[in-house]
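Q: Provided below: coords_22.pdb, containing PDB, C-alpha atoms.
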```pdb
ATOM      1  CA  MET A  25       0.000   0.000   0.000
ATOM      2  CA  THR A  26       1.323   3.441  -0.889
ATOM      3  CA  ALA A  27       1.591   6.206   1.679
ATOM      4  CA  ALA A  28      -1.325   7.987  -0.020
ATOM      5  CA  ALA A  29      -3.496   4.879   0.132
ATOM      6  CA  ALA A  30      -2.706   4.465   3.808
ATOM      7  CA  GLY A  31      -4.476   7.777   4.405
ATOM      8  CA  THR A  32      -7.854   6.254   3.498
ATOM      9  CA  ARG A  33     -10.125   4.295   5.814
ATOM     10  CA  SER A  34     -12.474   1.437   4.991
ATOM     11  CA  THR A  35     -15.620   0.715   6.996
ATOM     12  CA  LEU A  36     -18.360  -1.902   6.753
ATOM     13  CA  LEU A  37     -21.441   0.021   7.816
ATOM     14  CA  ALA A  38     -24.880  -1.513   8.363
ATOM     15  CA  VAL A  39     -27.497   0.518   6.465
ATOM     16  CA  GLY A  40     -30.373  -1.960   6.834
ATOM     17  CA  PRO A  41     -31.064  -5.502   8.022
ATOM     18  CA  ASP A  42     -28.238  -7.578   6.476
ATOM     19  CA  VAL A  43     -27.451  -4.675   4.139
ATOM     20  CA  TYR A  44     -24.070  -2.962   4.311
ATOM     21  CA  ALA A  45     -22.171  -0.109   2.734
ATOM     22  CA  TYR A  46     -18.458  -0.771   2.393
ATOM     23  CA  THR A  47     -17.135   2.790   2.356
ATOM     24  CA  GLN A  48     -13.645   4.033   1.569
ATOM     25  CA  LEU A  49     -13.178   7.563   2.758
ATOM     26  CA  PRO A  50     -12.505  10.313   1.946
ATOM     27  CA  GLY A  51     -13.483   9.159  -1.545
ATOM     28  CA  GLY A  52     -12.269  10.975  -4.627
ATOM     29  CA  TRP A  53     -10.473   9.500  -7.607
ATOM     30  CA  CYS A  54     -10.503   5.682  -7.559
ATOM     31  CA  VAL A  55     -11.398   5.439  -3.851
ATOM     32  CA  SER A  56     -14.848   4.003  -4.325
ATOM     33  CA  ASN A  57     -17.547   2.357  -2.239
ATOM     34  CA  ALA A  58     -19.215  -1.041  -2.493
ATOM     35  CA  GLY A  59     -22.435  -2.578  -1.244
ATOM     36  CA  VAL A  60     -23.083  -5.936   0.400
ATOM     37  CA  ILE A  61     -26.548  -7.516   0.555
ATOM     38  CA  VAL A  62     -26.640 -10.707   2.609
ATOM     39  CA  GLY A  63     -29.134 -13.568   2.373
ATOM     40  CA  GLU A  64     -29.222 -17.120   3.621
ATOM     41  CA  ASP A  65     -28.788 -18.318   0.047
ATOM     42  CA  GLY A  66     -25.879 -16.024  -0.770
ATOM     43  CA  VAL A  67     -24.607 -12.481  -1.032
ATOM     44  CA  VAL A  68     -24.836  -9.720  -3.635
ATOM     45  CA  VAL A  69     -21.825  -7.403  -3.876
ATOM     46  CA  VAL A  70     -22.346  -4.034  -5.555
ATOM     47  CA  ASP A  71     -19.049  -3.015  -7.205
ATOM     48  CA  THR A  72     -15.638  -4.422  -6.382
ATOM     49  CA  LEU A  73     -13.164  -1.532  -5.933
ATOM     50  CA  ALA A  74     -10.009  -0.502  -7.758
ATOM     51  CA  THR A  75      -7.048  -2.601  -6.610
ATOM     52  CA  ARG A  76      -6.503  -6.262  -5.849
ATOM     53  CA  SER A  77      -5.575  -5.544  -2.234
ATOM     54  CA  ARG A  78      -8.665  -3.408  -1.646
ATOM     55  CA  ALA A  79     -10.880  -6.021  -3.305
ATOM     56  CA  ARG A  80      -9.273  -8.732  -1.158
ATOM     57  CA  ARG A  81     -10.175  -6.831   1.992
ATOM     58  CA  LEU A  82     -13.712  -6.421   0.682
ATOM     59  CA  ARG A  83     -13.927 -10.183   0.022
ATOM     60  CA  GLU A  84     -12.669 -10.926   3.529
ATOM     61  CA  ALA A  85     -15.340  -8.606   4.954
ATOM     62  CA  VAL A  86     -18.010 -10.385   2.902
ATOM     63  CA  ASP A  87     -16.768 -13.809   3.986
ATOM     64  CA  GLY A  88     -16.994 -12.696   7.604
ATOM     65  CA  LEU A  89     -20.745 -12.106   7.317
ATOM     66  CA  ASN A  90     -21.579 -15.829   7.168
ATOM     67  CA  ALA A  91     -23.735 -15.460   4.085
ATOM     68  CA  GLY A  92     -24.959 -18.357   1.978
ATOM     69  CA  PRO A  93     -22.728 -19.981  -0.626
ATOM     70  CA  THR A  94     -23.544 -18.069  -3.811
ATOM     71  CA  ARG A  95     -21.787 -14.870  -4.865
ATOM     72  CA  THR A  96     -23.310 -12.335  -7.232
ATOM     73  CA  VAL A  97     -21.613  -9.103  -8.291
ATOM     74  CA  VAL A  98     -23.503  -6.148  -9.747
ATOM     75  CA  ASN A  99     -21.311  -3.585 -11.494
ATOM     76  CA  THR A 100     -22.862  -0.118 -11.545
ATOM     77  CA  HIS A 101     -20.741   0.843 -14.581
ATOM     78  CA  HIS A 102     -17.538  -0.088 -16.388
ATOM     79  CA  HIS A 103     -14.946   2.166 -14.732
ATOM     80  CA  GLY A 104     -11.985   0.331 -13.284
ATOM     81  CA  ASP A 105     -12.431   1.554  -9.734
ATOM     82  CA  HIS A 106     -15.783  -0.278  -9.699
ATOM     83  CA  VAL A 107     -14.844  -3.455 -11.604
ATOM     84  CA  PHE A 108     -11.131  -4.224 -11.212
ATOM     85  CA  GLY A 109     -11.895  -6.339  -8.136
ATOM     86  CA  ASN A 110     -14.372  -8.625  -9.927
ATOM     87  CA  ALA A 111     -11.842 -11.421 -10.276
ATOM     88  CA  GLU A 112     -10.837 -11.176  -6.627
ATOM     89  CA  ILE A 113     -14.436 -11.536  -5.407
ATOM     90  CA  GLY A 114     -14.661 -14.714  -7.468
ATOM     91  CA  ALA A 115     -11.255 -16.025  -6.439
ATOM     92  CA  ASP A 116     -12.570 -18.859  -4.252
ATOM     93  CA  ALA A 117     -15.803 -19.801  -6.016
ATOM     94  CA  PRO A 118     -17.670 -19.082  -9.247
ATOM     95  CA  VAL A 119     -19.330 -15.685  -9.246
ATOM     96  CA  GLU A 120     -22.170 -14.331 -11.363
ATOM     97  CA  ILE A 121     -21.455 -10.803 -12.606
ATOM     98  CA  ILE A 122     -24.369  -8.629 -13.745
ATOM     99  CA  ALA A 123     -24.148  -5.326 -15.623
ATOM    100  CA  HIS A 124     -25.881  -3.312 -18.316
ATOM    101  CA  ASP A 125     -25.824  -4.430 -21.952
ATOM    102  CA  ARG A 126     -23.445  -1.620 -22.905
ATOM    103  CA  MET A 127     -20.968  -2.364 -20.171
ATOM    104  CA  PRO A 128     -18.928  -5.147 -21.884
ATOM    105  CA  GLY A 129     -18.156  -2.986 -24.913
ATOM    106  CA  GLU A 130     -17.239   0.026 -22.785
ATOM    107  CA  LEU A 131     -15.063  -2.170 -20.564
ATOM    108  CA  ALA A 132     -13.254  -3.624 -23.580
ATOM    109  CA  ASP A 133     -12.624  -0.140 -24.988
ATOM    110  CA  THR A 134     -11.391   1.297 -21.669
ATOM    111  CA  GLY A 135      -9.472  -1.732 -20.431
ATOM    112  CA  LEU A 136      -6.800  -0.965 -17.853
ATOM    113  CA  ALA A 137      -6.588   2.736 -18.701
ATOM    114  CA  LEU A 138      -6.710   3.778 -15.048
ATOM    115  CA  THR A 139      -3.527   1.866 -14.310
ATOM    116  CA  ARG A 140      -1.713   3.862 -16.984
ATOM    117  CA  LEU A 141      -3.138   7.173 -15.827
ATOM    118  CA  TRP A 142      -1.906   6.621 -12.260
ATOM    119  CA  PRO A 143       1.093   4.268 -12.650
ATOM    120  CA  ASP A 144       2.317   4.851  -9.087
ATOM    121  CA  VAL A 145      -0.775   3.234  -7.554
ATOM    122  CA  ASP A 146      -0.265  -0.305  -6.284
ATOM    123  CA  TRP A 147      -2.952  -1.842  -8.472
ATOM    124  CA  GLY A 148      -1.802  -5.431  -8.004
ATOM    125  CA  ASP A 149      -2.334  -8.113 -10.624
ATOM    126  CA  VAL A 150      -5.493  -6.561 -12.063
ATOM    127  CA  ARG A 151      -7.328  -8.726 -14.574
ATOM    128  CA  LEU A 152     -10.510  -7.706 -16.321
ATOM    129  CA  SER A 153     -13.477  -9.907 -15.524
ATOM    130  CA  GLY A 154     -16.589  -8.810 -17.376
ATOM    131  CA  PRO A 155     -20.242  -9.607 -16.835
ATOM    132  CA  THR A 156     -21.736 -13.043 -17.270
ATOM    133  CA  ILE A 157     -25.272 -11.612 -17.452
ATOM    134  CA  THR A 158     -26.415  -8.303 -18.933
ATOM    135  CA  PHE A 159     -29.763  -6.537 -19.173
ATOM    136  CA  SER A 160     -31.160  -3.541 -21.034
ATOM    137  CA  ASP A 161     -33.603  -1.678 -18.785
ATOM    138  CA  ARG A 162     -34.327  -3.370 -15.465
ATOM    139  CA  MET A 163     -33.808  -6.683 -13.734
ATOM    140  CA  SER A 164     -34.976  -8.099 -10.409
ATOM    141  CA  LEU A 165     -33.119 -10.472  -8.120
ATOM    142  CA  VAL A 166     -34.537 -12.333  -5.141
ATOM    143  CA  ARG A 167     -32.105 -13.322  -2.412
ATOM    144  CA  GLY A 168     -33.379 -14.761   0.865
ATOM    145  CA  GLY A 169     -36.848 -13.475   0.035
ATOM    146  CA  ARG A 170     -35.489  -9.937  -0.479
ATOM    147  CA  ILE A 171     -36.318  -8.112  -3.703
ATOM    148  CA  ILE A 172     -33.335  -6.357  -5.290
ATOM    149  CA  GLU A 173     -34.106  -4.146  -8.270
ATOM    150  CA  LEU A 174     -31.458  -3.238 -10.843
ATOM    151  CA  LEU A 175     -32.317  -0.149 -12.892
ATOM    152  CA  HIS A 176     -30.482   1.280 -15.880
ATOM    153  CA  VAL A 177     -30.566   5.074 -15.584
ATOM    154  CA  GLY A 178     -27.904   6.180 -18.071
ATOM    155  CA  PRO A 179     -26.483   7.903 -19.910
ATOM    156  CA  ALA A 180     -25.617   9.846 -16.777
ATOM    157  CA  HIS A 181     -22.133   9.339 -15.330
ATOM    158  CA  THR A 182     -21.547   6.864 -18.196
ATOM    159  CA  THR A 183     -23.701   5.204 -20.847
ATOM    160  CA  ASN A 184     -24.201   2.058 -18.752
ATOM    161  CA  ASP A 185     -25.117   3.297 -15.270
ATOM    162  CA  VAL A 186     -27.009   0.828 -13.101
ATOM    163  CA  VAL A 187     -28.388   1.526  -9.626
ATOM    164  CA  VAL A 188     -29.381  -1.096  -7.073
ATOM    165  CA  TRP A 189     -32.621  -0.379  -5.234
ATOM    166  CA  LEU A 190     -33.984  -2.215  -2.193
ATOM    167  CA  PRO A 191     -37.635  -1.100  -2.049
ATOM    168  CA  ALA A 192     -38.486  -2.730   1.284
ATOM    169  CA  GLU A 193     -35.448  -1.279   3.053
ATOM    170  CA  ARG A 194     -35.513   1.992   1.039
ATOM    171  CA  VAL A 195     -31.771   1.752   0.450
ATOM    172  CA  LEU A 196     -30.274   2.882  -2.855
ATOM    173  CA  PHE A 197     -26.808   1.992  -4.142
ATOM    174  CA  ALA A 198     -26.427   4.780  -6.696
ATOM    175  CA  GLY A 199     -23.008   4.139  -8.232
ATOM    176  CA  ASP A 200     -21.466   7.342  -9.563
ATOM    177  CA  VAL A 201     -24.751   8.831 -10.754
ATOM    178  CA  VAL A 202     -24.631  10.844  -7.534
ATOM    179  CA  LEU A 203     -21.527  11.535  -5.443
ATOM    180  CA  SER A 204     -21.255  12.510  -1.796
ATOM    181  CA  GLY A 205     -18.679  15.197  -1.067
ATOM    182  CA  SER A 206     -17.073  14.922  -4.508
ATOM    183  CA  THR A 207     -17.534  16.892  -7.716
ATOM    184  CA  PRO A 208     -19.921  15.105 -10.111
ATOM    185  CA  PHE A 209     -18.231  13.797 -13.266
ATOM    186  CA  VAL A 210     -20.131  13.445 -16.545
ATOM    187  CA  LEU A 211     -17.402  13.518 -19.216
ATOM    188  CA  MET A 212     -18.301   9.975 -20.337
ATOM    189  CA  GLY A 213     -22.046  10.370 -19.858
ATOM    190  CA  SER A 214     -24.370  13.350 -20.028
ATOM    191  CA  VAL A 215     -25.189  16.514 -18.101
ATOM    192  CA  GLU A 216     -28.838  16.472 -19.140
ATOM    193  CA  GLY A 217     -29.009  12.698 -18.757
ATOM    194  CA  SER A 218     -27.626  12.957 -15.237
ATOM    195  CA  LEU A 219     -30.299  15.473 -14.290
ATOM    196  CA  THR A 220     -32.991  13.193 -15.681
ATOM    197  CA  ALA A 221     -31.542  10.180 -13.871
ATOM    198  CA  ILE A 222     -31.232  11.957 -10.531
ATOM    199  CA  GLU A 223     -34.758  13.314 -10.720
ATOM    200  CA  ARG A 224     -35.933   9.758 -11.390
ATOM    201  CA  LEU A 225     -33.965   8.441  -8.423
ATOM    202  CA  ALA A 226     -35.399  11.107  -6.143
ATOM    203  CA  LEU A 227     -38.863   9.739  -6.881
ATOM    204  CA  LEU A 228     -37.881   6.422  -5.279
ATOM    205  CA  ARG A 229     -37.890   8.222  -1.911
ATOM    206  CA  ALA A 230     -34.843   6.429  -0.555
ATOM    207  CA  ASP A 231     -34.023   6.830   3.114
ATOM    208  CA  VAL A 232     -30.359   5.856   2.647
ATOM    209  CA  VAL A 233     -28.196   6.562  -0.404
ATOM    210  CA  VAL A 234     -24.839   4.843  -0.846
ATOM    211  CA  CYS A 235     -22.989   6.791  -3.528
ATOM    212  CA  GLY A 236     -20.123   5.433  -5.558
ATOM    213  CA  HIS A 237     -17.739   7.694  -3.618
ATOM    214  CA  GLY A 238     -17.944   9.490  -0.297
ATOM    215  CA  PRO A 239     -19.914   9.099   2.924
ATOM    216  CA  VAL A 240     -23.278   7.376   3.155
ATOM    217  CA  THR A 241     -25.977  10.005   2.915
ATOM    218  CA  GLY A 242     -29.697  10.589   2.619
ATOM    219  CA  PRO A 243     -31.908  11.909  -0.185
ATOM    220  CA  GLU A 244     -30.473  15.409   0.234
ATOM    221  CA  VAL A 245     -27.618  14.251  -2.009
ATOM    222  CA  PHE A 246     -29.942  14.423  -5.013
ATOM    223  CA  GLU A 247     -30.539  18.159  -4.682
ATOM    224  CA  GLN A 248     -26.848  18.740  -4.013
ATOM    225  CA  ASN A 249     -25.852  17.044  -7.276
ATOM    226  CA  ILE A 250     -28.711  18.680  -9.197
ATOM    227  CA  ALA A 251     -27.596  22.113  -7.983
ATOM    228  CA  TYR A 252     -24.063  21.561  -9.305
ATOM    229  CA  LEU A 253     -25.250  20.237 -12.665
ATOM    230  CA  ARG A 254     -27.708  23.080 -13.206
ATOM    231  CA  TRP A 255     -25.036  25.610 -12.329
ATOM    232  CA  LEU A 256     -22.724  23.828 -14.777
ATOM    233  CA  GLN A 257     -25.285  24.094 -17.565
ATOM    234  CA  ARG A 258     -25.839  27.808 -16.948
ATOM    235  CA  TYR A 259     -22.140  28.567 -16.825
ATOM    236  CA  ALA A 260     -21.415  26.426 -19.890
ATOM    237  CA  ARG A 261     -24.036  28.305 -21.934
ATOM    238  CA  GLN A 262     -22.465  31.640 -21.026
ATOM    239  CA  ALA A 263     -18.890  30.541 -21.723
ATOM    240  CA  HIS A 264     -19.783  28.631 -24.890
ATOM    241  CA  SER A 265     -21.658  31.592 -26.365
ATOM    242  CA  ALA A 266     -18.668  33.819 -25.582
ATOM    243  CA  GLY A 267     -16.326  31.457 -27.462
ATOM    244  CA  ILE A 268     -14.289  30.562 -24.359
ATOM    245  CA  SER A 269     -12.626  27.146 -24.366
ATOM    246  CA  PRO A 270     -13.628  24.618 -21.695
ATOM    247  CA  LEU A 271     -10.198  24.852 -20.057
ATOM    248  CA  ASP A 272     -10.210  28.655 -19.919
ATOM    249  CA  ALA A 273     -13.805  28.648 -18.730
ATOM    250  CA  ALA A 274     -12.845  26.229 -15.958
ATOM    251  CA  ARG A 275      -9.929  28.417 -14.897
ATOM    252  CA  HIS A 276     -12.183  31.449 -14.551
ATOM    253  CA  ALA A 277     -15.143  29.698 -12.933
ATOM    254  CA  ASP A 278     -16.284  30.814  -9.504
ATOM    255  CA  LEU A 279     -17.169  27.478  -7.907
ATOM    256  CA  GLY A 280     -18.934  29.211  -5.045
ATOM    257  CA  PRO A 281     -20.810  26.656  -2.914
ATOM    258  CA  PHE A 282     -19.090  23.807  -4.787
ATOM    259  CA  ALA A 283     -15.534  24.928  -4.028
ATOM    260  CA  ASP A 284     -15.139  22.485  -1.135
ATOM    261  CA  LEU A 285     -16.050  19.396  -3.158
ATOM    262  CA  LEU A 286     -13.225  16.942  -3.810
ATOM    263  CA  ASP A 287     -11.678  16.826  -7.283
ATOM    264  CA  PRO A 288     -12.613  20.295  -8.587
ATOM    265  CA  GLU A 289     -10.575  19.676 -11.765
ATOM    266  CA  ARG A 290     -13.509  17.588 -12.994
ATOM    267  CA  ILE A 291     -15.093  20.851 -14.104
ATOM    268  CA  VAL A 292     -12.893  20.717 -17.203
ATOM    269  CA  GLY A 293     -14.320  17.368 -18.306
ATOM    270  CA  ASN A 294     -17.804  18.416 -17.313
ATOM    271  CA  LEU A 295     -17.573  21.543 -19.455
ATOM    272  CA  HIS A 296     -16.391  19.494 -22.433
ATOM    273  CA  ARG A 297     -19.521  17.355 -22.083
ATOM    274  CA  ALA A 298     -21.749  20.391 -21.594
ATOM    275  CA  TYR A 299     -20.264  22.079 -24.679
ATOM    276  CA  ALA A 300     -20.788  18.909 -26.739
ATOM    277  CA  GLU A 301     -24.451  18.830 -25.737
ATOM    278  CA  LEU A 302     -24.819  22.510 -26.597
ATOM    279  CA  ASP A 303     -23.433  21.618 -30.029
ATOM    280  CA  GLY A 304     -26.083  18.933 -30.439
ATOM    281  CA  ALA A 305     -24.243  15.800 -29.331
ATOM    282  CA  ALA A 306     -26.458  12.976 -28.107
ATOM    283  CA  PRO A 307     -26.193  11.962 -24.438
ATOM    284  CA  GLY A 308     -23.264   9.623 -24.030
ATOM    285  CA  ALA A 309     -21.791  10.364 -27.456
ATOM    286  CA  ALA A 310     -18.089   9.532 -27.504
ATOM    287  CA  ILE A 311     -15.607  12.234 -26.524
ATOM    288  CA  ASP A 312     -11.862  11.624 -26.786
ATOM    289  CA  VAL A 313     -11.043  11.325 -23.101
ATOM    290  CA  ALA A 314      -7.227  11.422 -23.201
ATOM    291  CA  PRO A 315      -6.770  15.072 -24.281
ATOM    292  CA  VAL A 316      -9.463  16.176 -21.829
ATOM    293  CA  PHE A 317      -7.576  14.505 -18.979
ATOM    294  CA  GLY A 318      -4.505  16.361 -20.249
ATOM    295  CA  GLU A 319      -6.416  19.635 -19.832
ATOM    296  CA  MET A 320      -7.502  18.576 -16.343
ATOM    297  CA  ILE A 321      -3.833  18.106 -15.477
ATOM    298  CA  ARG A 322      -3.056  21.584 -16.837
ATOM    299  CA  TYR A 323      -5.926  23.002 -14.773
ATOM    300  CA  ASN A 324      -4.386  21.226 -11.786
ATOM    301  CA  GLY A 325      -1.059  23.042 -12.168
ATOM    302  CA  GLY A 326       0.582  20.413 -14.338
ATOM    303  CA  ARG A 327       0.179  17.490 -11.967
ATOM    304  CA  LEU A 328      -2.118  14.512 -11.934
ATOM    305  CA  PRO A 329      -5.163  14.816  -9.706
ATOM    306  CA  ASP A 330      -4.638  13.106  -6.365
ATOM    307  CA  CYS A 331      -5.491   9.410  -6.432
ATOM    308  CA  LEU A 332      -5.460   7.653  -3.053
ATOM    309  CA  ALA A 333      -6.142   4.147  -4.350
TER     310      ALA A 333
END
```
If you convert what's in this file into structure tokens, what do you get?
A:
Amino acid sequence: MTAAAAGTRSTLLAVGPDVYAYTQLPGGWCVSNAGVIVGEDGVVVVDTLATRSRARRLREAVDGLNAGPTRTVVNTHHHGDHVFGNAEIGADAPVEIIAHDRMPGELADTGLALTRLWPDVDWGDVRLSGPTITFSDRMSLVRGGRIIELLHVGPAHTTNDVVVWLPAERVLFAGDVVLSGSTPFVLMGSVEGSLTAIERLALLRADVVVCGHGPVTGPEVFEQNIAYLRWLQRYARQAHSAGISPLDAARHADLGPFADLLDPERIVGNLHRAYAELDGAAPGAAIDVAPVFGEMIRYNGGRLPDCLA
């Protein structure tokens, strides 16, 4: 573990009867959360973290819950910090991996890109392990009599966002569609699509929301993310109409109430997506990510954003 990674803390937090959030704080780049839903016939794990060592600790926490024998993984989207641990969760027994129909193609295209972006992270022997089952719109699981609903809500953070909803417990595992304490990131998804998705999620009336990054929260997180995205749209329209580049617009932005969110450099990527939508791009339409990350590094004073994985 690197010195940076040692500054994070992992906690298995009960958020309902036999329902847990596995949080990694403070969050931020590649320091993601997972979910664990326990039944007498097995366990469902929502996302599997970024590095082999982190995924191993997650697996050990799951094994300590004395769940039934089956293991099912639900990936909320294709990004490495949510899927790189898939193989580790299935290290001791076969595991069923469920994701959206678009996820395998996105995963194949992205591959191990995160490991090249942050080469100093101790990723371990990361091997891609994609879904064994995919679905297009919604899917229901039943584990130990508990109904677990999987809903596709993208394009939002990505094209293939899936949330995991427990209607009886009113617990929502939201992936990166909403973030707690971190700047939203829609470069690979959609600003407008994110707003639509979040407004849809708010209608579920969740009591507990486990975001893909950051502390466990309540439904107030929806309005917090909506406020940022609406501000982003307004600012993007002004800067776009004035002919200002996304990078220059980001440098001159007054983040105001959003200044304390982690990873403020994400505004560069977010403005690229907002500009593309102003130019008529469809939600989730491909944007060349590499040069945008280069601009985010320039915004960040020429250094990579902090990654504590």
Q: Could you give me, as a PyMOL selection string, the residues that have an atom at most 6 Å away from the point (-19.7, -6.4, -15.7) in the coordinates of the file, using all atoms listed in the file?
A: chain A and resi 99+121-123+154-155
Q: Could you tell me which residues the PyMOL selection byres ((chain A and resi 318) around 12) grabs in this file, written as a PyMOL selection string?
A: chain A and resi 141+271+289-290+292-293+312-317+319-329
Q: Got a sec to check which residues sit within 12 Å of (-19.3, 18.0, -20.3), counting all atoms listed in the file, and write them as a ChimeraX atom specification?
A: /A:180-182,208-218,253,256-257,259-261,264,270-271,274,290-303,305-313,316
Q: Could you spell out the hits of the PyMOL selection byres ((chain A and resi 95) around 9) on the shown file, as a ChimeraX atom specification?
A: /A:66-69,92-94,96-97,113-114,117-121
Q: Suppose you want the space between CA of His124 (chain A) and CA of Thr158 (chain A); what is it in Å?
A: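 Pair CA of His124 (chain A) / CA of Thr158 (chain A) returns 5.1 Å.
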Q: Residues picked by the PyMOL selection byres ((chain A and resi 196-204) around 6) here, as a ChimeraX atom specification?
A: /A:100,181,187-189,195,205-206,233-239
Q: When distances are computed from all atoms listed in the file, which of A:Val177, A:Trp255, A:Ala273, A:Gln262 shows the smallest separation from Leu225 (chain A)?
A: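 Of A:Val177, A:Trp255, A:Ala273, A:Gln262, the one nearest Leu225 (chain A), counting all atoms listed in the file, is A:Val177.
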Q: Measuring atom to atom with all atoms listed in the file, identify which of A:Ser56, A:Ser164, A:Thr139, A:Thr207 is nearest to Pro288 (chain A).
A: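 Among the listed residues, A:Thr207 lies closest to Pro288 (chain A).
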Q: Find the distance between CA of Ala192 (chain A) and CA of Asp105 (chain A) and write it in Å to one decimal.
A: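 Between CA of Ala192 (chain A) and CA of Asp105 (chain A) the gap works out to 28.6 Å.
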Q: Kindly indicate which residue among A:Ala79, A:Leu49, A:Ala111, A:Leu190 lies nearest to Val166 (chain A), using all atoms listed in the file for the distances.
A: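 Result for the nearest residue to Val166 (chain A): A:Leu190.
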Q: Please determine an axis-aligned box that encloses all atoms of region 135-147 of chain A listed in the file, with 5 Å added on each side, and express its centre and edge lengths in Å to one decimal as AutoDock Vina command-line options.
A:
```
--center_x -3.6 --center_y 2.7 --center_z -13.4 --size_x 21.8 --size_y 19.0 --size_z 24.1
```
Q: Compare A:Val232, A:Leu285, A:Ala91, A:Ala333 by their minimum atom-to-atom distance to Leu73 (chain A), counting only C-alpha atoms, and give me the closest one.
A: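 So, comparing all the options, the nearest one is A:Ala333.
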Q: Counting only C-alpha atoms, which residue out of A:Asp284, A:Asp133, A:Asp231, A:Asp42 sits closest to Glu64 (chain A)?
A: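 Of all the options, A:Asp42 lies closest to Glu64 (chain A).
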Q: What is the distance between CA of Pro179 (chain A) and CA of Leu219 (chain A), in Å to one decimal?
A: 10.2 Å
Q: Determine, counting all atoms listed in the file, which protein, DNA and RNA residues have an atom within 7 Å of an atom of Gly59 (chain A); residues of the same chain fewer than 4 positions away are not included. Present the result as a list of chain:residue names.
A: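 That gives A:Tyr44, A:Ala45, A:Tyr46, A:Val69, A:Val70, A:Asp71, A:Phe197.
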Q: So, counting all atoms listed in the file, which residue among A:Gly88, A:Val145, A:Arg229, A:Val55 is closest to His106 (chain A)?
A: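 Closest to His106 (chain A), using all atoms listed in the file: A:Val55.
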Q: With N, CA and C atoms as the goal, would you fill in the gaps in region 205-218 of chain A and present it as a PDB file, in the frame of the given file?
A:
```pdb
ATOM      1  N   GLY A 205     -19.896  14.485  -1.433  1.00  0.00           N
ATOM      2  CA  GLY A 205     -18.679  15.197  -1.067  1.00  0.00           C
ATOM      3  C   GLY A 205     -17.668  15.348  -2.179  1.00  0.00           C
ATOM      4  N   SER A 206     -17.968  14.830  -3.357  1.00  0.00           N
ATOM      5  CA  SER A 206     -17.073  14.922  -4.508  1.00  0.00           C
ATOM      6  C   SER A 206     -17.776  15.634  -5.662  1.00  0.00           C
ATOM      7  N   THR A 207     -16.995  16.242  -6.530  1.00  0.00           N
ATOM      8  CA  THR A 207     -17.534  16.892  -7.716  1.00  0.00           C
ATOM      9  C   THR A 207     -18.127  15.857  -8.665  1.00  0.00           C
ATOM     10  N   PRO A 208     -19.372  16.013  -9.098  1.00  0.00           N
ATOM     11  CA  PRO A 208     -19.921  15.105 -10.111  1.00  0.00           C
ATOM     12  C   PRO A 208     -19.026  15.073 -11.348  1.00  0.00           C
ATOM     13  N   PHE A 209     -19.103  13.958 -12.097  1.00  0.00           N
ATOM     14  CA  PHE A 209     -18.231  13.797 -13.266  1.00  0.00           C
ATOM     15  C   PHE A 209     -19.033  13.150 -14.381  1.00  0.00           C
ATOM     16  N   VAL A 210     -19.236  13.897 -15.476  1.00  0.00           N
ATOM     17  CA  VAL A 210     -20.131  13.445 -16.545  1.00  0.00           C
ATOM     18  C   VAL A 210     -19.442  13.430 -17.906  1.00  0.00           C
ATOM     19  N   LEU A 211     -18.121  13.485 -17.942  1.00  0.00           N
ATOM     20  CA  LEU A 211     -17.402  13.518 -19.216  1.00  0.00           C
ATOM     21  C   LEU A 211     -17.809  12.358 -20.113  1.00  0.00           C
ATOM     22  N   MET A 212     -17.990  11.170 -19.546  1.00  0.00           N
ATOM     23  CA  MET A 212     -18.301   9.975 -20.337  1.00  0.00           C
ATOM     24  C   MET A 212     -19.787   9.645 -20.349  1.00  0.00           C
ATOM     25  N   GLY A 213     -20.610  10.606 -19.911  1.00  0.00           N
ATOM     26  CA  GLY A 213     -22.046  10.370 -19.858  1.00  0.00           C
ATOM     27  C   GLY A 213     -22.828  11.529 -20.429  1.00  0.00           C
ATOM     28  N   SER A 214     -23.523  12.257 -19.561  1.00  0.00           N
ATOM     29  CA  SER A 214     -24.370  13.350 -20.028  1.00  0.00           C
ATOM     30  C   SER A 214     -24.735  14.254 -18.861  1.00  0.00           C
ATOM     31  N   VAL A 215     -24.698  15.566 -19.106  1.00  0.00           N
ATOM     32  CA  VAL A 215     -25.189  16.514 -18.101  1.00  0.00           C
ATOM     33  C   VAL A 215     -26.708  16.396 -18.006  1.00  0.00           C
ATOM     34  N   GLU A 216     -27.379  16.538 -19.139  1.00  0.00           N
ATOM     35  CA  GLU A 216     -28.838  16.472 -19.140  1.00  0.00           C
ATOM     36  C   GLU A 216     -29.323  15.092 -18.704  1.00  0.00           C
ATOM     37  N   GLY A 217     -28.632  14.048 -19.160  1.00  0.00           N
ATOM     38  CA  GLY A 217     -29.009  12.698 -18.757  1.00  0.00           C
ATOM     39  C   GLY A 217     -28.843  12.478 -17.273  1.00  0.00           C
ATOM     40  N   SER A 218     -27.813  13.078 -16.679  1.00  0.00           N
ATOM     41  CA  SER A 218     -27.626  12.957 -15.237  1.00  0.00           C
ATOM     42  C   SER A 218     -28.774  13.617 -14.487  1.00  0.00           C
TER      43      SER A 218
END
```
